[in-house]
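> One structure is given below, represented as structure tokens, and several questions about it will come after.
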Amino acid sequence: MPVSYYSITKNDLFDLFARLAEGNRVFVPYKYGDKLHFGEFDPSKESTVELGGVRQSQPFKSFLNPARERVSGKEKDGADPCTSRKNFVFAPMQGKPIIVAGVKACDLSSLILQDYVFLKGDCEDPFYTFHRNNTLIISCDCTYASETCFCIAMSGRPYPTKDFDLNLSSQGGSLIVEAGSDKGRKIVNNYKTFFKGCKAMDLAGRDSKREEVSLQIKDFIKKRETPDTTAINGNVKKNYDNLPLWQDAASTCVECGACNLVCPTCHCFLLSDEGARQKIGRTKIWDACLYKTFAKVAGNHNPRPHLYERMRNRFDKKFAFFPEVLDYFACTGCGRCIEACPGNIDIREVLKGIVTGKWNKPPHDRL
């Protein structure tokens, strides 16, 4: 399928969002201070919509695998909400599919792992499948990088190359639109008046901006001496029994689970039964491998009772297990965990320790 490029003005794009919102729930990134957060599109707040910048604080996975989701239960009349029209999980989505605009490349690259876990295992997750099929992705290039970004070290790029329906690249007063799927091309065909032709000089300008942001990230990587996937490969297993390394890495962890919850590739969950009498139901909730109770089983046995063991498990899964089974490092270099950690644990410093086999006290100058 040939690549399709178009151009659209920001005013026309917002007009398009307003029209799409008539039959969809459209989410866009809003700027609050120096952070970006997803919210439902509101024409009165267009001035705070940021379709460039860096990745949002909220990981895109929350649209496909919500942090809290009812998966079974009984209503008063005995009906199962997961098969009836009264189901509060599915009902809002049945009439209005979701469109998420502003998704960044580091989130898109996590879909390899999320799809592997929820679609390609022994059992397909019907809830994830539903959200995946009913979510249209409008991604966009990063127009600058944060000091915490290191996607290039993880074999990524600060701009999407696949797994989007439409991609937006800021170029002057307009945006270059790339259609990446049949769903994306359908939007272009249905709203042809909004989309204009794209000139070769516009694409050259886009590529120049992409290279500028890439060099910015490479500079951050160089200054921090952040190891890349080639350097990391094999070193988690090599240092698996290096207890001082893992104990020092976990020394300031407070077990809040923030790193797990903001991570675009983390996917663990627990099932909680709650309610009373006829209203009892089962809810799927995000879990975190750093919680003390994460691996706890019947009989009060815990195979990882120590915090450093849980920290080690987190890195073993991301940088050893998934490279072995999926040929994929389960870290996209988004840097969210660095910003979220109250214990000032920097994943880049831990990775340096894994590569060198020793722990150096991390600097306390992160932004």
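Just so we're on the same page: first chain in the structure tokens is A, next is B, and so on; residues restart at 1 for each chain, and ligands are numbered from 1 in the order they show up.
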Using the chain letters and numbers from this document, which residues of segment 78-195 of chain A does DSSP assign to strand (DSSP E), as a list in words?
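Answer for segment 78-195 of chain A, restricted to strand (DSSP E): Ile98, Ile99, Val100, Ala101, Gly102, Val103, Thr135, Leu136, Ile137, Ile138, Ser139, Cys140, Leu166, Asn167, Leu168, Ser169, Ser170, Gln171, Ser174, Leu175, Ile176, Val177, Glu178 and Ala179 of chain A.
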> For the selection you just gave me, I'd like the residues written to a file as an mmCIF file, in the first residue's frame, keeping C-alpha atoms.

data_model
loop_
_atom_site.group_PDB
_atom_site.id
_atom_site.type_symbol
_atom_site.label_atom_id
_atom_site.label_comp_id
_atom_site.auth_asym_id
_atom_site.auth_seq_id
_atom_site.Cartn_x
_atom_site.Cartn_y
_atom_site.Cartn_z
ATOM 1 C CA ILE A 98 -12.685 6.085 21.004
ATOM 2 C CA ILE A 99 -10.246 8.238 19.042
ATOM 3 C CA VAL A 100 -6.997 9.138 20.815
ATOM 4 C CA ALA A 101 -4.929 11.932 19.265
ATOM 5 C CA GLY A 102 -1.364 12.856 20.127
ATOM 6 C CA VAL A 103 -0.070 9.356 20.908
ATOM 7 C CA THR A 135 -9.846 2.662 19.354
ATOM 8 C CA LEU A 136 -8.491 4.752 16.492
ATOM 9 C CA ILE A 137 -4.962 6.081 16.973
ATOM 10 C CA ILE A 138 -3.881 9.508 15.745
ATOM 11 C CA SER A 139 -0.217 9.702 16.687
ATOM 12 C CA CYS A 140 2.173 12.637 16.386
ATOM 13 C CA LEU A 166 -3.053 8.686 11.186
ATOM 14 C CA ASN A 167 0.136 10.495 12.179
ATOM 15 C CA LEU A 168 0.575 14.250 12.594
ATOM 16 C CA SER A 169 3.853 16.116 12.093
ATOM 17 C CA SER A 170 3.957 19.841 12.862
ATOM 18 C CA GLN A 171 5.345 21.842 9.950
ATOM 19 C CA SER A 174 0.096 23.306 9.364
ATOM 20 C CA LEU A 175 0.471 19.621 10.089
ATOM 21 C CA ILE A 176 1.573 16.860 7.755
ATOM 22 C CA VAL A 177 -0.826 13.928 7.916
ATOM 23 C CA GLU A 178 0.309 10.398 7.122
ATOM 24 C CA ALA A 179 -2.353 7.718 6.721
#
> So which one's closest to Pro126 of chain A, A:Ile112, A:Asn65, A:Cys337, A:Ala298? Using only C-alpha atoms, please.
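With only C-alpha atoms as the atom set, the closest residue is A:Asn65.
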> Find the residue from A:Arg19, A:Phe220, A:Trp246, A:Ser57 that sits nearest to His37 of chain A; use only C-alpha atoms when measuring.
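That would be A:Ser57, the residue with the smallest distance to His37 of chain A.
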> Residues at most 12 Å from Pro158 of chain A, counting only C-alpha atoms, excluding those fewer than 5 positions away in the same chain, as number ranges by chain?
A: 52-55, 103-109, 139-146, 149-153, 169, 207, 209-218, 332-334
> Once you have the residues from the selection above, write them out as a JSON list (two decimals), in the first residue's frame, restricted to N, CA and C atoms.

[["chain", "number", "residue", "atom", "x", "y", "z"],
["A", 52, "GLY", "N", 2.15, 18.34, 19.70],
["A", 52, "GLY", "CA", 3.57, 18.09, 19.51],
["A", 52, "GLY", "C", 4.17, 17.74, 20.86],
["A", 53, "GLY", "N", 5.19, 18.48, 21.26],
["A", 53, "GLY", "CA", 5.77, 18.28, 22.58],
["A", 53, "GLY", "C", 6.36, 16.91, 22.78],
["A", 54, "VAL", "N", 6.26, 16.42, 24.02],
["A", 54, "VAL", "CA", 6.77, 15.09, 24.35],
["A", 54, "VAL", "C", 5.59, 14.22, 24.77],
["A", 55, "ARG", "N", 5.91, 13.00, 25.19],
["A", 55, "ARG", "CA", 4.84, 12.07, 25.56],
["A", 55, "ARG", "C", 4.06, 12.57, 26.78],
["A", 103, "VAL", "N", -0.82, 10.50, 20.37],
["A", 103, "VAL", "CA", -0.07, 9.36, 20.91],
["A", 103, "VAL", "C", 1.36, 9.40, 20.36],
["A", 104, "LYS", "N", 2.34, 9.21, 21.24],
["A", 104, "LYS", "CA", 3.74, 9.29, 20.82],
["A", 104, "LYS", "C", 4.33, 7.91, 20.50],
["A", 105, "ALA", "N", 5.47, 7.92, 19.83],
["A", 105, "ALA", "CA", 6.09, 6.68, 19.35],
["A", 105, "ALA", "C", 6.44, 5.72, 20.48],
["A", 106, "CYS", "N", 6.84, 6.26, 21.64],
["A", 106, "CYS", "CA", 7.22, 5.37, 22.75],
["A", 106, "CYS", "C", 6.03, 4.57, 23.26],
["A", 107, "ASP", "N", 4.81, 5.13, 23.12],
["A", 107, "ASP", "CA", 3.61, 4.40, 23.49],
["A", 107, "ASP", "C", 3.23, 3.40, 22.41],
["A", 108, "LEU", "N", 3.38, 3.80, 21.16],
["A", 108, "LEU", "CA", 3.04, 2.88, 20.06],
["A", 108, "LEU", "C", 3.92, 1.64, 20.09],
["A", 109, "SER", "N", 5.20, 1.82, 20.41],
["A", 109, "SER", "CA", 6.10, 0.67, 20.42],
["A", 109, "SER", "C", 5.74, -0.33, 21.51],
["A", 139, "SER", "N", -1.49, 9.46, 16.01],
["A", 139, "SER", "CA", -0.22, 9.70, 16.69],
["A", 139, "SER", "C", 0.38, 11.03, 16.23],
["A", 140, "CYS", "N", 1.48, 11.43, 16.84],
["A", 140, "CYS", "CA", 2.17, 12.64, 16.39],
["A", 140, "CYS", "C", 3.65, 12.58, 16.77],
["A", 141, "ASP", "N", 4.46, 13.31, 16.02],
["A", 141, "ASP", "CA", 5.89, 13.39, 16.29],
["A", 141, "ASP", "C", 6.14, 14.17, 17.57],
["A", 142, "CYS", "N", 7.23, 13.84, 18.26],
["A", 142, "CYS", "CA", 7.71, 14.70, 19.34],
["A", 142, "CYS", "C", 8.40, 15.90, 18.71],
["A", 143, "THR", "N", 8.10, 17.09, 19.19],
["A", 143, "THR", "CA", 8.73, 18.29, 18.64],
["A", 143, "THR", "C", 9.90, 18.78, 19.51],
["A", 144, "TYR", "N", 10.05, 18.18, 20.66],
["A", 144, "TYR", "CA", 11.23, 18.39, 21.49],
["A", 144, "TYR", "C", 11.30, 17.22, 22.45],
["A", 145, "ALA", "N", 12.39, 17.10, 23.16],
["A", 145, "ALA", "CA", 12.58, 15.98, 24.07],
["A", 145, "ALA", "C", 12.75, 16.47, 25.50],
["A", 146, "SER", "N", 12.41, 15.60, 26.44],
["A", 146, "SER", "CA", 12.67, 15.87, 27.85],
["A", 146, "SER", "C", 14.01, 15.26, 28.23],
["A", 149, "CYS", "N", 14.09, 11.51, 28.45],
["A", 149, "CYS", "CA", 13.85, 10.68, 27.26],
["A", 149, "CYS", "C", 15.12, 9.93, 26.85],
["A", 150, "PHE", "N", 14.97, 8.63, 26.57],
["A", 150, "PHE", "CA", 16.10, 7.86, 26.03],
["A", 150, "PHE", "C", 15.61, 6.78, 25.08],
["A", 151, "CYS", "N", 14.58, 7.10, 24.30],
["A", 151, "CYS", "CA", 13.97, 6.11, 23.41],
["A", 151, "CYS", "C", 14.96, 5.55, 22.39],
["A", 152, "ILE", "N", 15.89, 6.37, 21.92],
["A", 152, "ILE", "CA", 16.83, 5.91, 20.90],
["A", 152, "ILE", "C", 17.74, 4.83, 21.46],
["A", 153, "ALA", "N", 18.09, 4.90, 22.74],
["A", 153, "ALA", "CA", 18.91, 3.85, 23.36],
["A", 153, "ALA", "C", 18.16, 2.52, 23.40],
["A", 169, "SER", "N", 2.53, 15.53, 11.93],
["A", 169, "SER", "CA", 3.85, 16.12, 12.09],
["A", 169, "SER", "C", 3.73, 17.61, 11.92],
["A", 207, "ASP", "N", 11.38, 15.90, 8.09],
["A", 207, "ASP", "CA", 12.53, 15.03, 8.34],
["A", 207, "ASP", "C", 13.64, 15.78, 9.06],
["A", 209, "LYS", "N", 13.20, 18.29, 11.16],
["A", 209, "LYS", "CA", 12.77, 18.45, 12.55],
["A", 209, "LYS", "C", 12.93, 17.15, 13.31],
["A", 210, "ARG", "N", 12.62, 16.04, 12.67],
["A", 210, "ARG", "CA", 12.79, 14.74, 13.31],
["A", 210, "ARG", "C", 14.25, 14.48, 13.68],
["A", 211, "GLU", "N", 15.14, 14.85, 12.78],
["A", 211, "GLU", "CA", 16.56, 14.66, 13.06],
["A", 211, "GLU", "C", 17.03, 15.56, 14.19],
["A", 212, "GLU", "N", 16.49, 16.77, 14.25],
["A", 212, "GLU", "CA", 16.84, 17.72, 15.32],
["A", 212, "GLU", "C", 16.48, 17.15, 16.69],
["A", 213, "VAL", "N", 15.28, 16.60, 16.81],
["A", 213, "VAL", "CA", 14.83, 16.03, 18.09],
["A", 213, "VAL", "C", 15.64, 14.78, 18.41],
["A", 214, "SER", "N", 15.96, 13.98, 17.39],
["A", 214, "SER", "CA", 16.76, 12.77, 17.60],
["A", 214, "SER", "C", 18.14, 13.13, 18.14],
["A", 215, "LEU", "N", 18.74, 14.17, 17.61],
["A", 215, "LEU", "CA", 20.06, 14.60, 18.09],
["A", 215, "LEU", "C", 19.98, 15.11, 19.53],
["A", 216, "GLN", "N", 18.87, 15.74, 19.87],
["A", 216, "GLN", "CA", 18.67, 16.21, 21.25],
["A", 216, "GLN", "C", 18.65, 15.03, 22.21],
["A", 217, "ILE", "N", 17.94, 13.96, 21.84],
["A", 217, "ILE", "CA", 17.87, 12.77, 22.70],
["A", 217, "ILE", "C", 19.23, 12.07, 22.76],
["A", 218, "LYS", "N", 19.91, 11.99, 21.64],
["A", 218, "LYS", "CA", 21.24, 11.37, 21.62],
["A", 218, "LYS", "C", 22.19, 12.12, 22.55],
["A", 332, "THR", "N", 10.51, 1.33, 26.59],
["A", 332, "THR", "CA", 10.48, 2.16, 25.39],
["A", 332, "THR", "C", 11.31, 3.44, 25.54],
["A", 333, "GLY", "N", 11.94, 3.62, 26.71],
["A", 333, "GLY", "CA", 12.75, 4.81, 26.92],
["A", 333, "GLY", "C", 11.95, 6.08, 27.09],
["A", 334, "CYS", "N", 10.69, 5.95, 27.53],
["A", 334, "CYS", "CA", 9.83, 7.14, 27.67],
["A", 334, "CYS", "C", 10.24, 8.00, 28.86]]
> So which residues touch Phe329 of chain A within 10 Å, counting only C-alpha atoms, skipping near sequence neighbours fewer than 4 positions away, as an MDAnalysis selection string?
chainID A and resid 110 113 154:155 229 232:233 265 317:324 333
> Within 10 Å of Lys352 of chain A, counting only C-alpha atoms, which residues show up once you throw out same-chain ones fewer than 4 positions away? Write them as a PyMOL selection string, please.
chain A and resi 224-228+231-232+347-348+356-360
> How would the residues just picked look written out with N, CA and C atoms as a compact mmCIF listing (two decimals), in the first residue's frame?

# COMPACT_ATOMS: atom_id res chain seq x y z
N ARG A 224 24.36 11.22 29.98
CA ARG A 224 24.03 10.30 31.07
C ARG A 224 24.76 8.96 30.94
N GLU A 225 25.40 8.76 29.79
CA GLU A 225 26.08 7.48 29.51
C GLU A 225 25.08 6.32 29.62
N THR A 226 23.89 6.55 29.10
CA THR A 226 22.84 5.54 29.16
C THR A 226 23.17 4.41 28.20
N PRO A 227 23.24 3.16 28.67
CA PRO A 227 23.56 2.04 27.77
C PRO A 227 22.40 1.73 26.83
N ASP A 228 22.75 1.22 25.65
CA ASP A 228 21.70 0.85 24.70
C ASP A 228 21.40 -0.65 24.83
N ALA A 231 24.36 -3.10 24.65
CA ALA A 231 25.18 -3.15 25.86
C ALA A 231 24.46 -3.88 26.99
N ILE A 232 23.15 -3.72 27.06
CA ILE A 232 22.37 -4.32 28.16
C ILE A 232 22.21 -5.83 27.97
N ILE A 347 16.02 4.73 36.13
CA ILE A 347 16.23 3.47 35.42
C ILE A 347 17.51 3.47 34.61
N ARG A 348 17.93 4.65 34.14
CA ARG A 348 19.17 4.74 33.36
C ARG A 348 20.38 4.41 34.22
N THR A 356 27.82 -2.48 34.09
CA THR A 356 29.15 -2.44 34.72
C THR A 356 29.30 -3.45 35.85
N GLY A 357 28.18 -3.90 36.41
CA GLY A 357 28.22 -4.84 37.53
C GLY A 357 28.41 -4.17 38.87
N LYS A 358 28.35 -2.85 38.90
CA LYS A 358 28.51 -2.15 40.18
C LYS A 358 27.57 -0.95 40.20
N TRP A 359 27.23 -0.52 41.41
CA TRP A 359 26.28 0.56 41.58
C TRP A 359 26.99 1.84 41.97
N ASN A 360 26.74 2.87 41.19
CA ASN A 360 27.25 4.19 41.53
C ASN A 360 26.08 5.04 42.00
> So which residues touch Phe27 of chain A within 6 Å, counting only C-alpha atoms, skipping near sequence neighbours fewer than 3 positions away, as a PDB file with C-alpha atoms, in the first residue's frame?

ATOM      1  CA  GLY A  39      -8.663  14.686  28.165  1.00  0.00           C
ATOM      2  CA  GLU A  40     -11.841  14.563  26.112  1.00  0.00           C
ATOM      3  CA  PHE A  41     -11.815  17.123  23.307  1.00  0.00           C
ATOM      4  CA  VAL A 100      -6.997   9.138  20.815  1.00  0.00           C
TER       5      VAL A 100
END
> Out of A:Ala276, A:Val297, A:Leu270, A:Leu326, which residue has the shortest atom-to-atom distance to Val71 of chain A when counting only C-alpha atoms?
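Checking each candidate against Val71 of chain A, we get A:Leu270 as the closest.
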> List the neighbours of Lys199 of chain A out to 9 Å using only C-alpha atoms; skip same-chain residues closer than 3 positions along the sequence, and give me the result as a PyMOL selection string.
chain A and resi 5-7+202-204
> Of the candidates A:Leu271, A:Asp125, A:Arg310, A:Phe195, which one gets nearest to Asp15 of chain A if we count only C-alpha atoms?
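Result for the nearest residue to Asp15 of chain A: A:Phe195.
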> Quick one: pull the distance between atom CA of Glu255 of chain A and atom CA of Leu351 of chain A, Å, one decimal.
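Distance reported for this atom pair: 19.3 Å.
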> Of the candidates A:Pro264, A:Gly299, A:Gly353, A:Gly234, which shows the shortest atom-to-atom distance to Gly335 of chain A, using only C-alpha atoms?
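Ranked by minimum distance to Gly335 of chain A, first place goes to A:Pro264.
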> For a quick check of understanding, using only C-alpha atoms, which of A:Phe130, A:Tyr159, A:Phe194, A:Phe315 has the smallest distance to Lys10 of chain A?
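Going through A:Phe130, A:Tyr159, A:Phe194, A:Phe315 one by one, the smallest distance to Lys10 of chain A is for A:Phe194.
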> Any idea what the distance is between atom CA of Glu46 of chain A and atom CA of Tyr30 of chain A?
8.6 Å
> Segment 94-281 of chain A: which residues are alpha helix (DSSP H) by DSSP, as JSON, numbers by chain?
{"A": [94, 95, 105, 106, 107, 108, 111, 112, 113, 114, 115, 116, 117, 118, 126, 127, 128, 129, 130, 131, 132, 133, 182, 183, 184, 185, 186, 187, 188, 189, 190, 200, 201, 202, 203, 204, 205, 206, 207, 208, 209, 210, 211, 212, 213, 214, 215, 216, 217, 218, 219, 220, 221, 222, 223, 224, 229, 230, 231, 232, 235, 236, 237, 238, 243, 244, 245, 246, 247, 248, 249, 258, 259, 260, 261, 262]}
